[in-house]
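Chemist: This is the structure I want to talk about, given as structure tokens.
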Amino acid sequence: MSNPKLELLTPHNCQIIFIDHQPQMAFGVQSIDRQVLKNNTVALAKAAKVFGIPTIITTVETESFSGHTYPELLDVFPGQKLLERTSMNSWDDQKVRDALKAAGRKKVVVAGLWTEVCNNSFALEAMDQGGYEIYMVADASGGTSKEAHDYAMQRMVQAGVVPVTWQQVMLEWQRDWARRDSYDAVMQIVKEHSGAYGMGVDYAYTMVHKAAERTASKHEVLAPVAAGKS
């Protein structure tokens with residue numbers, strides 16, 4: 001029997017769940033810079049939108065404790081229903097199990113807070129009770145310390161979870177730069193969210209290919225004045 005984990009992620013064989021990307025949960029994250037965490041999460045969401053990946057957003061105790069989901073994440077999916085829970089474990093909530101089943105895809109990409117609690121418990125039970133394959137997006141998830149995140153990732157990996165990063169997932173979905181229907185949208189995400197890689201793409205577009213600058217408005221450039229001249 002072939003190993004399903006050897007199959008690459010494609011836009012047609014997986015779904016994605018965002019777990020508790022809420023401010024009170026983010027306040028406790030110490031394993032990754034929190035602005036980087038948000039950047040990576042929103043980038044992953046944009047990629048999921050580009051490739052039409054079935055998406056679940058679940059929240060916990062929004063009004064009483066955790067606060068509202070990142071607006072930048074919600075704006076990627078206008079009108080998306082949020083699956084509110086009381087349990088720290090998303091698998092405990094029937095709505096979440098029903099949504100996973102409705103998508104009909106056994107590969108589940110997961111990003112959430114915190115790695116050692118909500119991600120860990122969901123991943124283990126989704127595999128054990130639901131037969132799902134879990135792909136944990138390490139850099140779109142965060143724990144209360146580096147050790148908490150790292151050891152939770154190790155525990156999940158030992159149980160069969162596949163560790164990935166957000167850009168790895170997006171580029172696996174793209175796979176071939178000849179796929180022009182998603183090329184421009186992926187490049188836009190890269191330029192906005194991929195740090196040095198995105199800067200390099202901007203440089204190549206403008207300096208090598210002479211594309212227009214990626215700005216919302218034009219800026220006049222004043223010519224240099226040589227030193228020593230008034």
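Lettering and numbering for the structure tokens are positional, with chains as A, B, ... in the shown order, residues counted from 1 in each chain, and ligands counted from 1 in the shown order.
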Report as a Markdown table: every residue of range 69-147 of chain A with an atom at most 10 Å from range 49-53 of chain A, its closest pair of atoms, and their distance in Å to one decimal, counting only C-alpha atoms, with rows sorted by chain and ascending residue number.

Modeler:
| residue | atom | partner | partner_atom | distance |
| --- | --- | --- | --- | --- |
| A:Val76 | CA | A:Lys49 | CA | 7.2 |
| A:Phe77 | CA | A:Lys49 | CA | 7.5 |
| A:Ala103 | CA | A:Ile53 | CA | 9.4 |
| A:Val109 | CA | A:Ile53 | CA | 9.9 |

Chemist: How would the residues just chosen look if you wrote them out with N, CA, C and O atoms as a PDB file, in the first residue's frame?

Modeler:
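This went into selection_12.pdb:
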ATOM      1  N   VAL A  76      -9.957  38.132   4.211  1.00  0.00           N
ATOM      2  CA  VAL A  76      -9.605  37.257   3.090  1.00  0.00           C
ATOM      3  C   VAL A  76     -10.814  36.426   2.661  1.00  0.00           C
ATOM      4  O   VAL A  76     -10.954  36.070   1.487  1.00  0.00           O
ATOM      5  N   PHE A  77     -11.707  36.146   3.621  1.00  0.00           N
ATOM      6  CA  PHE A  77     -12.862  35.289   3.366  1.00  0.00           C
ATOM      7  C   PHE A  77     -14.159  36.011   3.750  1.00  0.00           C
ATOM      8  O   PHE A  77     -14.768  35.705   4.780  1.00  0.00           O
ATOM      9  N   ALA A 103     -16.172  18.712   3.549  1.00  0.00           N
ATOM     10  CA  ALA A 103     -15.162  19.023   2.532  1.00  0.00           C
ATOM     11  C   ALA A 103     -14.709  17.763   1.803  1.00  0.00           C
ATOM     12  O   ALA A 103     -14.272  17.838   0.643  1.00  0.00           O
ATOM     13  N   VAL A 109      -4.673  20.816   6.388  1.00  0.00           N
ATOM     14  CA  VAL A 109      -3.628  21.778   6.728  1.00  0.00           C
ATOM     15  C   VAL A 109      -4.125  22.565   7.943  1.00  0.00           C
ATOM     16  O   VAL A 109      -5.259  23.060   7.945  1.00  0.00           O
TER      17      VAL A 109
END

Chemist: Do you know which residues are at most 8 Å from Tyr151 in chain A counting only C-alpha atoms, after dropping those on the same chain fewer than 4 positions away, and could you put them as a list in words?

Modeler: Glu116, Glu147 and Arg155 of chain A

Chemist: Give me a file of those residues, with all heavy atoms, as an mmCIF file, in the first residue's frame.

Modeler:
data_model
loop_
_atom_site.group_PDB
_atom_site.id
_atom_site.type_symbol
_atom_site.label_atom_id
_atom_site.label_comp_id
_atom_site.auth_asym_id
_atom_site.auth_seq_id
_atom_site.Cartn_x
_atom_site.Cartn_y
_atom_site.Cartn_z
ATOM 1 N N GLU A 116 0.738 23.916 21.497
ATOM 2 C CA GLU A 116 0.797 22.836 22.481
ATOM 3 C C GLU A 116 -0.562 22.483 23.065
ATOM 4 O O GLU A 116 -0.686 21.491 23.801
ATOM 5 C CB GLU A 116 1.762 23.191 23.625
ATOM 6 C CG GLU A 116 1.289 24.308 24.555
ATOM 7 C CD GLU A 116 1.680 25.710 24.094
ATOM 8 O OE1 GLU A 116 1.870 25.900 22.878
ATOM 9 O OE2 GLU A 116 1.794 26.597 24.971
ATOM 10 N N GLU A 147 9.991 26.384 23.766
ATOM 11 C CA GLU A 147 9.977 24.979 24.163
ATOM 12 C C GLU A 147 8.576 24.380 24.010
ATOM 13 O O GLU A 147 8.429 23.242 23.539
ATOM 14 C CB GLU A 147 10.453 24.830 25.611
ATOM 15 C CG GLU A 147 11.929 25.123 25.836
ATOM 16 C CD GLU A 147 12.240 26.615 25.900
ATOM 17 O OE1 GLU A 147 11.298 27.432 25.935
ATOM 18 O OE2 GLU A 147 13.437 26.946 25.912
ATOM 19 N N ARG A 155 6.048 16.141 19.487
ATOM 20 C CA ARG A 155 5.057 15.137 19.886
ATOM 21 C C ARG A 155 4.133 14.796 18.722
ATOM 22 O O ARG A 155 3.851 13.617 18.459
ATOM 23 C CB ARG A 155 4.239 15.649 21.069
ATOM 24 C CG ARG A 155 3.157 14.671 21.525
ATOM 25 C CD ARG A 155 2.312 15.259 22.642
ATOM 26 N NE ARG A 155 1.271 14.327 23.060
ATOM 27 C CZ ARG A 155 0.295 14.637 23.918
ATOM 28 N NH1 ARG A 155 0.254 15.845 24.458
ATOM 29 N NH2 ARG A 155 -0.624 13.750 24.230
#

Chemist: Using only C-alpha atoms, can you tell me which of A:Leu73, A:Met199, A:Val169, A:Ile19 comes closest to Leu113 in chain A?

Modeler: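 Closest candidate: A:Ile19.
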
Chemist: Tell me, which residues of chain A carry DSSP alpha helix (DSSP H), written as a short mmCIF file (atom, residue, chain, number, x, y, z; two decimals) with N, CA, C and O atoms, in the first residue's frame?

Modeler:
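See selection.cif below for the written result:
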data_model
loop_
_atom_site.label_atom_id
_atom_site.label_comp_id
_atom_site.auth_asym_id
_atom_site.auth_seq_id
_atom_site.Cartn_x
_atom_site.Cartn_y
_atom_site.Cartn_z
N PRO A 23 -6.78 37.69 19.41
CA PRO A 23 -5.76 38.49 20.09
C PRO A 23 -5.33 37.95 21.45
O PRO A 23 -4.13 37.94 21.76
N GLN A 24 -6.26 37.51 22.29
CA GLN A 24 -5.86 37.03 23.61
C GLN A 24 -4.97 35.79 23.50
O GLN A 24 -4.03 35.61 24.28
N MET A 25 -5.23 34.98 22.50
CA MET A 25 -4.37 33.82 22.27
C MET A 25 -3.00 34.26 21.77
O MET A 25 -1.96 33.74 22.19
N ALA A 26 -3.00 35.27 20.88
CA ALA A 26 -1.73 35.77 20.35
C ALA A 26 -0.89 36.45 21.43
O ALA A 26 0.34 36.39 21.39
N PHE A 27 -1.56 37.10 22.40
CA PHE A 27 -0.81 37.77 23.47
C PHE A 27 0.11 36.79 24.20
O PHE A 27 1.19 37.16 24.67
N ARG A 34 5.07 38.03 17.06
CA ARG A 34 3.63 37.98 16.82
C ARG A 34 3.20 38.68 15.54
O ARG A 34 2.21 38.29 14.91
N GLN A 35 3.95 39.69 15.12
CA GLN A 35 3.64 40.32 13.83
C GLN A 35 4.00 39.38 12.68
O GLN A 35 3.27 39.30 11.68
N VAL A 36 5.10 38.67 12.82
CA VAL A 36 5.48 37.66 11.83
C VAL A 36 4.42 36.57 11.77
O VAL A 36 4.02 36.11 10.69
N LEU A 37 3.95 36.16 12.94
CA LEU A 37 2.90 35.15 13.01
C LEU A 37 1.65 35.59 12.24
O LEU A 37 1.09 34.83 11.44
N LYS A 38 1.24 36.83 12.46
CA LYS A 38 0.05 37.33 11.75
C LYS A 38 0.32 37.40 10.25
O LYS A 38 -0.52 37.01 9.43
N ASN A 39 1.49 37.90 9.88
CA ASN A 39 1.85 37.98 8.46
C ASN A 39 1.75 36.60 7.81
O ASN A 39 1.17 36.45 6.73
N ASN A 40 2.33 35.59 8.46
CA ASN A 40 2.35 34.26 7.89
C ASN A 40 0.95 33.66 7.80
O ASN A 40 0.61 32.97 6.82
N THR A 41 0.13 33.92 8.81
CA THR A 41 -1.23 33.40 8.83
C THR A 41 -2.06 34.00 7.71
O THR A 41 -2.78 33.29 6.99
N VAL A 42 -1.97 35.31 7.56
CA VAL A 42 -2.74 35.99 6.50
C VAL A 42 -2.25 35.57 5.13
O VAL A 42 -3.05 35.36 4.20
N ALA A 43 -0.94 35.40 4.97
CA ALA A 43 -0.39 34.94 3.70
C ALA A 43 -0.92 33.55 3.36
O ALA A 43 -1.31 33.28 2.21
N LEU A 44 -0.93 32.66 4.34
CA LEU A 44 -1.45 31.31 4.13
C LEU A 44 -2.93 31.36 3.74
O LEU A 44 -3.37 30.63 2.84
N ALA A 45 -3.69 32.23 4.40
CA ALA A 45 -5.10 32.38 4.07
C ALA A 45 -5.29 32.87 2.64
O ALA A 45 -6.16 32.38 1.91
N LYS A 46 -4.49 33.86 2.25
CA LYS A 46 -4.60 34.37 0.88
C LYS A 46 -4.28 33.28 -0.14
O LYS A 46 -4.92 33.19 -1.19
N ALA A 47 -3.29 32.47 0.17
CA ALA A 47 -2.94 31.36 -0.72
C ALA A 47 -4.09 30.37 -0.82
O ALA A 47 -4.43 29.89 -1.91
N ALA A 48 -4.70 30.05 0.32
CA ALA A 48 -5.84 29.14 0.31
C ALA A 48 -6.98 29.70 -0.53
O ALA A 48 -7.65 28.96 -1.27
N LYS A 49 -7.18 31.01 -0.46
CA LYS A 49 -8.23 31.65 -1.26
C LYS A 49 -7.90 31.55 -2.75
O LYS A 49 -8.77 31.23 -3.57
N VAL A 50 -6.67 31.81 -3.12
CA VAL A 50 -6.26 31.75 -4.52
C VAL A 50 -6.53 30.37 -5.11
O VAL A 50 -7.03 30.24 -6.24
N PRO A 71 -8.75 40.74 11.97
CA PRO A 71 -9.57 41.26 10.87
C PRO A 71 -8.93 41.01 9.51
O PRO A 71 -9.64 40.80 8.51
N GLU A 72 -7.60 41.00 9.46
CA GLU A 72 -6.92 40.75 8.19
C GLU A 72 -7.19 39.34 7.67
O GLU A 72 -7.25 39.10 6.46
N LEU A 73 -7.34 38.40 8.60
CA LEU A 73 -7.68 37.03 8.22
C LEU A 73 -9.12 36.94 7.75
O LEU A 73 -9.42 36.34 6.71
N LEU A 74 -10.02 37.56 8.50
CA LEU A 74 -11.43 37.52 8.13
C LEU A 74 -11.69 38.19 6.77
O LEU A 74 -12.53 37.72 5.99
N GLN A 94 -19.05 19.40 17.35
CA GLN A 94 -19.67 18.69 16.22
C GLN A 94 -19.65 19.52 14.94
O GLN A 94 -19.50 18.98 13.84
N LYS A 95 -19.80 20.84 15.06
CA LYS A 95 -19.79 21.70 13.87
C LYS A 95 -18.48 21.56 13.11
O LYS A 95 -18.44 21.55 11.87
N VAL A 96 -17.38 21.48 13.85
CA VAL A 96 -16.06 21.36 13.22
C VAL A 96 -15.94 20.02 12.54
O VAL A 96 -15.49 19.93 11.39
N ARG A 97 -16.35 18.96 13.21
CA ARG A 97 -16.28 17.62 12.61
C ARG A 97 -17.14 17.55 11.36
O ARG A 97 -16.74 16.95 10.35
N ASP A 98 -18.31 18.17 11.41
CA ASP A 98 -19.20 18.17 10.25
C ASP A 98 -18.59 18.94 9.08
O ASP A 98 -18.71 18.52 7.92
N ALA A 99 -17.96 20.06 9.37
CA ALA A 99 -17.35 20.87 8.32
C ALA A 99 -16.19 20.13 7.66
O ALA A 99 -16.03 20.16 6.43
N LEU A 100 -15.38 19.44 8.46
CA LEU A 100 -14.30 18.65 7.91
C LEU A 100 -14.83 17.54 7.01
O LEU A 100 -14.33 17.31 5.90
N LYS A 101 -15.86 16.87 7.47
CA LYS A 101 -16.45 15.78 6.69
C LYS A 101 -17.06 16.29 5.40
O LYS A 101 -16.94 15.65 4.35
N ALA A 102 -17.72 17.46 5.47
CA ALA A 102 -18.38 18.01 4.29
C ALA A 102 -17.39 18.33 3.18
O ALA A 102 -17.72 18.22 1.99
N ALA A 103 -16.17 18.71 3.55
CA ALA A 103 -15.16 19.02 2.53
C ALA A 103 -14.71 17.76 1.80
O ALA A 103 -14.27 17.84 0.64
N ASN A 120 -2.38 20.74 19.11
CA ASN A 120 -1.99 19.39 19.50
C ASN A 120 -3.20 18.48 19.70
O ASN A 120 -3.27 17.38 19.15
N SER A 121 -4.16 18.93 20.50
CA SER A 121 -5.31 18.08 20.80
C SER A 121 -6.15 17.82 19.56
O SER A 121 -6.62 16.69 19.33
N PHE A 122 -6.34 18.85 18.72
CA PHE A 122 -7.09 18.65 17.47
C PHE A 122 -6.39 17.65 16.58
O PHE A 122 -7.01 16.73 16.03
N ALA A 123 -5.09 17.83 16.38
CA ALA A 123 -4.34 16.98 15.46
C ALA A 123 -4.40 15.52 15.88
O ALA A 123 -4.67 14.63 15.06
N LEU A 124 -4.15 15.25 17.16
CA LEU A 124 -4.10 13.87 17.62
C LEU A 124 -5.46 13.19 17.47
O LEU A 124 -5.55 12.03 17.02
N GLU A 125 -6.53 13.88 17.82
CA GLU A 125 -7.84 13.25 17.76
C GLU A 125 -8.39 13.20 16.34
O GLU A 125 -9.11 12.26 15.98
N ALA A 126 -8.06 14.19 15.51
CA ALA A 126 -8.50 14.14 14.11
C ALA A 126 -7.87 12.96 13.40
O ALA A 126 -8.50 12.31 12.55
N MET A 127 -6.62 12.64 13.75
CA MET A 127 -5.97 11.46 13.17
C MET A 127 -6.55 10.17 13.76
O MET A 127 -6.86 9.23 13.03
N ASP A 128 -6.68 10.16 15.08
CA ASP A 128 -7.09 8.94 15.77
C ASP A 128 -8.56 8.60 15.51
O ASP A 128 -8.89 7.45 15.21
N GLN A 129 -9.43 9.60 15.62
CA GLN A 129 -10.86 9.34 15.53
C GLN A 129 -11.44 9.60 14.14
O GLN A 129 -12.46 9.01 13.77
N GLY A 130 -10.78 10.48 13.37
CA GLY A 130 -11.34 10.83 12.06
C GLY A 130 -10.57 10.26 10.89
O GLY A 130 -11.04 10.35 9.74
N LYS A 146 9.11 28.95 23.27
CA LYS A 146 9.73 28.20 22.17
C LYS A 146 9.72 26.70 22.49
O LYS A 146 9.46 25.87 21.62
N GLU A 147 9.99 26.38 23.77
CA GLU A 147 9.98 24.98 24.16
C GLU A 147 8.58 24.38 24.01
O GLU A 147 8.43 23.24 23.54
N ALA A 148 7.57 25.13 24.41
CA ALA A 148 6.19 24.63 24.31
C ALA A 148 5.84 24.32 22.85
O ALA A 148 5.25 23.28 22.54
N HIS A 149 6.20 25.24 21.96
CA HIS A 149 5.94 25.03 20.54
C HIS A 149 6.74 23.86 19.99
O HIS A 149 6.20 22.97 19.33
N ASP A 150 8.03 23.87 20.27
CA ASP A 150 8.92 22.87 19.69
C ASP A 150 8.57 21.45 20.17
O ASP A 150 8.52 20.51 19.36
N TYR A 151 8.33 21.30 21.47
CA TYR A 151 8.03 19.97 21.97
C TYR A 151 6.65 19.49 21.51
O TYR A 151 6.45 18.28 21.29
N ALA A 152 5.72 20.42 21.37
CA ALA A 152 4.41 20.04 20.83
C ALA A 152 4.56 19.58 19.39
O ALA A 152 3.94 18.59 18.97
N MET A 153 5.36 20.30 18.60
CA MET A 153 5.60 19.88 17.22
C MET A 153 6.25 18.49 17.20
O MET A 153 5.87 17.62 16.41
N GLN A 154 7.22 18.28 18.09
CA GLN A 154 7.88 16.97 18.13
C GLN A 154 6.89 15.86 18.50
O GLN A 154 6.91 14.78 17.91
N ARG A 155 6.05 16.14 19.49
CA ARG A 155 5.06 15.14 19.89
C ARG A 155 4.13 14.80 18.72
O ARG A 155 3.85 13.62 18.46
N MET A 156 3.67 15.81 18.01
CA MET A 156 2.77 15.58 16.89
C MET A 156 3.46 14.84 15.75
O MET A 156 2.89 13.94 15.13
N VAL A 157 4.70 15.23 15.46
CA VAL A 157 5.45 14.56 14.40
C VAL A 157 5.63 13.08 14.74
O VAL A 157 5.47 12.20 13.88
N GLN A 158 5.95 12.78 16.00
CA GLN A 158 6.10 11.39 16.40
C GLN A 158 4.80 10.62 16.22
O GLN A 158 4.82 9.41 15.95
N ALA A 159 3.67 11.33 16.33
CA ALA A 159 2.37 10.68 16.16
C ALA A 159 1.95 10.58 14.69
O ALA A 159 0.94 9.93 14.39
N TRP A 166 4.25 27.95 5.84
CA TRP A 166 3.19 28.51 4.99
C TRP A 166 3.62 28.65 3.54
O TRP A 166 2.85 28.34 2.62
N GLN A 167 4.86 29.09 3.32
CA GLN A 167 5.31 29.30 1.95
C GLN A 167 5.51 27.96 1.24
O GLN A 167 5.23 27.84 0.04
N GLN A 168 5.97 26.98 1.98
CA GLN A 168 6.09 25.62 1.43
C GLN A 168 4.73 25.14 0.92
O GLN A 168 4.63 24.58 -0.18
N VAL A 169 3.69 25.34 1.72
CA VAL A 169 2.35 24.90 1.33
C VAL A 169 1.89 25.64 0.07
O VAL A 169 1.39 25.03 -0.89
N MET A 170 2.05 26.95 0.05
CA MET A 170 1.61 27.74 -1.11
C MET A 170 2.32 27.30 -2.38
O MET A 170 1.69 27.12 -3.44
N LEU A 171 3.63 27.12 -2.31
CA LEU A 171 4.38 26.75 -3.50
C LEU A 171 4.12 25.31 -3.92
O LEU A 171 4.23 24.97 -5.11
N GLU A 172 3.75 24.47 -2.96
CA GLU A 172 3.36 23.10 -3.31
C GLU A 172 2.04 23.12 -4.07
O GLU A 172 1.83 22.35 -5.01
N TRP A 173 1.13 24.01 -3.65
CA TRP A 173 -0.12 24.17 -4.39
C TRP A 173 0.13 24.70 -5.80
O TRP A 173 -0.47 24.25 -6.75
N GLN A 174 1.03 25.66 -5.93
CA GLN A 174 1.34 26.22 -7.24
C GLN A 174 2.06 25.20 -8.12
O GLN A 174 1.71 25.00 -9.27
N ARG A 180 -0.53 29.61 -15.19
CA ARG A 180 -0.69 31.06 -15.23
C ARG A 180 -1.96 31.54 -14.53
O ARG A 180 -2.05 32.72 -14.17
N ASP A 181 -2.93 30.66 -14.35
CA ASP A 181 -4.18 31.11 -13.72
C ASP A 181 -3.98 31.53 -12.28
O ASP A 181 -4.76 32.34 -11.75
N SER A 182 -2.94 31.02 -11.63
CA SER A 182 -2.67 31.40 -10.24
C SER A 182 -1.34 32.13 -10.08
O SER A 182 -1.04 32.63 -8.99
N TYR A 183 -0.55 32.21 -11.13
CA TYR A 183 0.81 32.77 -11.05
C TYR A 183 0.81 34.19 -10.49
O TYR A 183 1.54 34.50 -9.54
N ASP A 184 0.04 35.08 -11.09
CA ASP A 184 0.07 36.48 -10.68
C ASP A 184 -0.37 36.65 -9.23
O ASP A 184 0.21 37.44 -8.48
N ALA A 185 -1.40 35.91 -8.82
CA ALA A 185 -1.89 36.02 -7.45
C ALA A 185 -0.86 35.51 -6.45
O ALA A 185 -0.67 36.10 -5.38
N VAL A 186 -0.17 34.43 -6.80
CA VAL A 186 0.87 33.91 -5.92
C VAL A 186 2.02 34.91 -5.82
O VAL A 186 2.54 35.16 -4.72
N MET A 187 2.42 35.49 -6.94
CA MET A 187 3.48 36.49 -6.92
C MET A 187 3.09 37.71 -6.08
O MET A 187 3.93 38.30 -5.40
N GLN A 188 1.83 38.06 -6.11
CA GLN A 188 1.37 39.19 -5.28
C GLN A 188 1.51 38.86 -3.80
O GLN A 188 1.94 39.69 -3.00
N ILE A 189 1.15 37.63 -3.41
CA ILE A 189 1.32 37.21 -2.02
C ILE A 189 2.80 37.21 -1.64
O ILE A 189 3.18 37.68 -0.56
N VAL A 190 3.64 36.71 -2.53
CA VAL A 190 5.08 36.70 -2.28
C VAL A 190 5.60 38.11 -2.04
O VAL A 190 6.34 38.37 -1.08
N LYS A 191 5.22 39.05 -2.90
CA LYS A 191 5.71 40.41 -2.78
C LYS A 191 5.23 41.08 -1.49
O LYS A 191 5.96 41.87 -0.89
N GLU A 192 4.05 40.75 -1.04
CA GLU A 192 3.49 41.38 0.15
C GLU A 192 3.94 40.72 1.45
O GLU A 192 4.03 41.38 2.48
N HIS A 193 4.21 39.40 1.41
CA HIS A 193 4.37 38.66 2.67
C HIS A 193 5.66 37.86 2.81
O HIS A 193 5.92 37.35 3.90
N GLY A 195 8.94 38.61 2.69
CA GLY A 195 10.19 39.20 3.14
C GLY A 195 11.20 39.38 2.03
O GLY A 195 10.92 39.97 0.99
N ALA A 196 12.42 38.86 2.25
CA ALA A 196 13.50 39.05 1.28
C ALA A 196 13.17 38.45 -0.08
O ALA A 196 13.54 39.01 -1.12
N TYR A 197 12.47 37.32 -0.09
CA TYR A 197 12.04 36.72 -1.36
C TYR A 197 11.16 37.70 -2.12
O TYR A 197 11.34 37.92 -3.32
N GLY A 198 10.21 38.30 -1.41
CA GLY A 198 9.32 39.28 -2.05
C GLY A 198 10.06 40.51 -2.53
O GLY A 198 9.76 41.05 -3.61
N MET A 199 11.04 40.97 -1.74
CA MET A 199 11.84 42.11 -2.18
C MET A 199 12.60 41.78 -3.45
O MET A 199 12.73 42.61 -4.36
N GLY A 200 13.11 40.55 -3.53
CA GLY A 200 13.82 40.11 -4.72
C GLY A 200 12.92 40.08 -5.94
O GLY A 200 13.35 40.43 -7.05
N VAL A 201 11.68 39.65 -5.74
CA VAL A 201 10.73 39.62 -6.86
C VAL A 201 10.43 41.04 -7.32
O VAL A 201 10.41 41.33 -8.53
N ASP A 202 10.21 41.95 -6.36
CA ASP A 202 9.99 43.36 -6.73
C ASP A 202 11.18 43.90 -7.52
O ASP A 202 11.01 44.60 -8.53
N TYR A 203 12.38 43.59 -7.07
CA TYR A 203 13.59 44.06 -7.74
C TYR A 203 13.65 43.51 -9.16
O TYR A 203 13.91 44.24 -10.12
#

Chemist: When DSSP is applied to the backbone of this structure, which of range 10-58 of chain A are assigned strand (DSSP E)? Write them out as a PyMOL selection string.

Modeler: chain A and resi 14-19+55-58

Chemist: Residues at most 9 Å from Lys5 in chain A, counting only C-alpha atoms, excluding those fewer than 3 positions away in the same chain, as a list in words?

Modeler: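 What passes the distance filter is Ser2, Leu8, Lys107, Glu133 and Val162 of chain A.
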
Chemist: Could you give me, as a count of residues only, the residues within 7 Å of Ala138 in chain A, counting only C-alpha atoms and dropping anything in the same chain fewer than 4 positions from it?

Modeler: 3

Chemist: For Ala111 in chain A, list every protein, DNA or RNA residue within 6 Å, evaluated using only C-alpha atoms, and leave out those in the same chain fewer than 6 positions away; present the list as a count of residues only.

Modeler: 4

Chemist: What does the distance between CA of Asp92 in chain A and CA of Val29 in chain A come to in Å, to one decimal place?

Modeler: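 Between these atoms lies a distance of 23.3 Å.
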
Chemist: Restricting the calculation to only C-alpha atoms: of A:Leu9, A:Leu222, A:Cys14, A:Ile56, which residue gets closest to Tyr132 in chain A?

Modeler: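 Between A:Leu9, A:Leu222, A:Cys14, A:Ile56, the residue approaching Tyr132 in chain A most closely is A:Cys14.
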
Chemist: When you draw a straight line from CA of His12 in chain A to CA of Pro78 in chain A, how long is it in Å?

Modeler: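 Interatomic distance, CA of His12 in chain A to CA of Pro78 in chain A: 21.8 Å.
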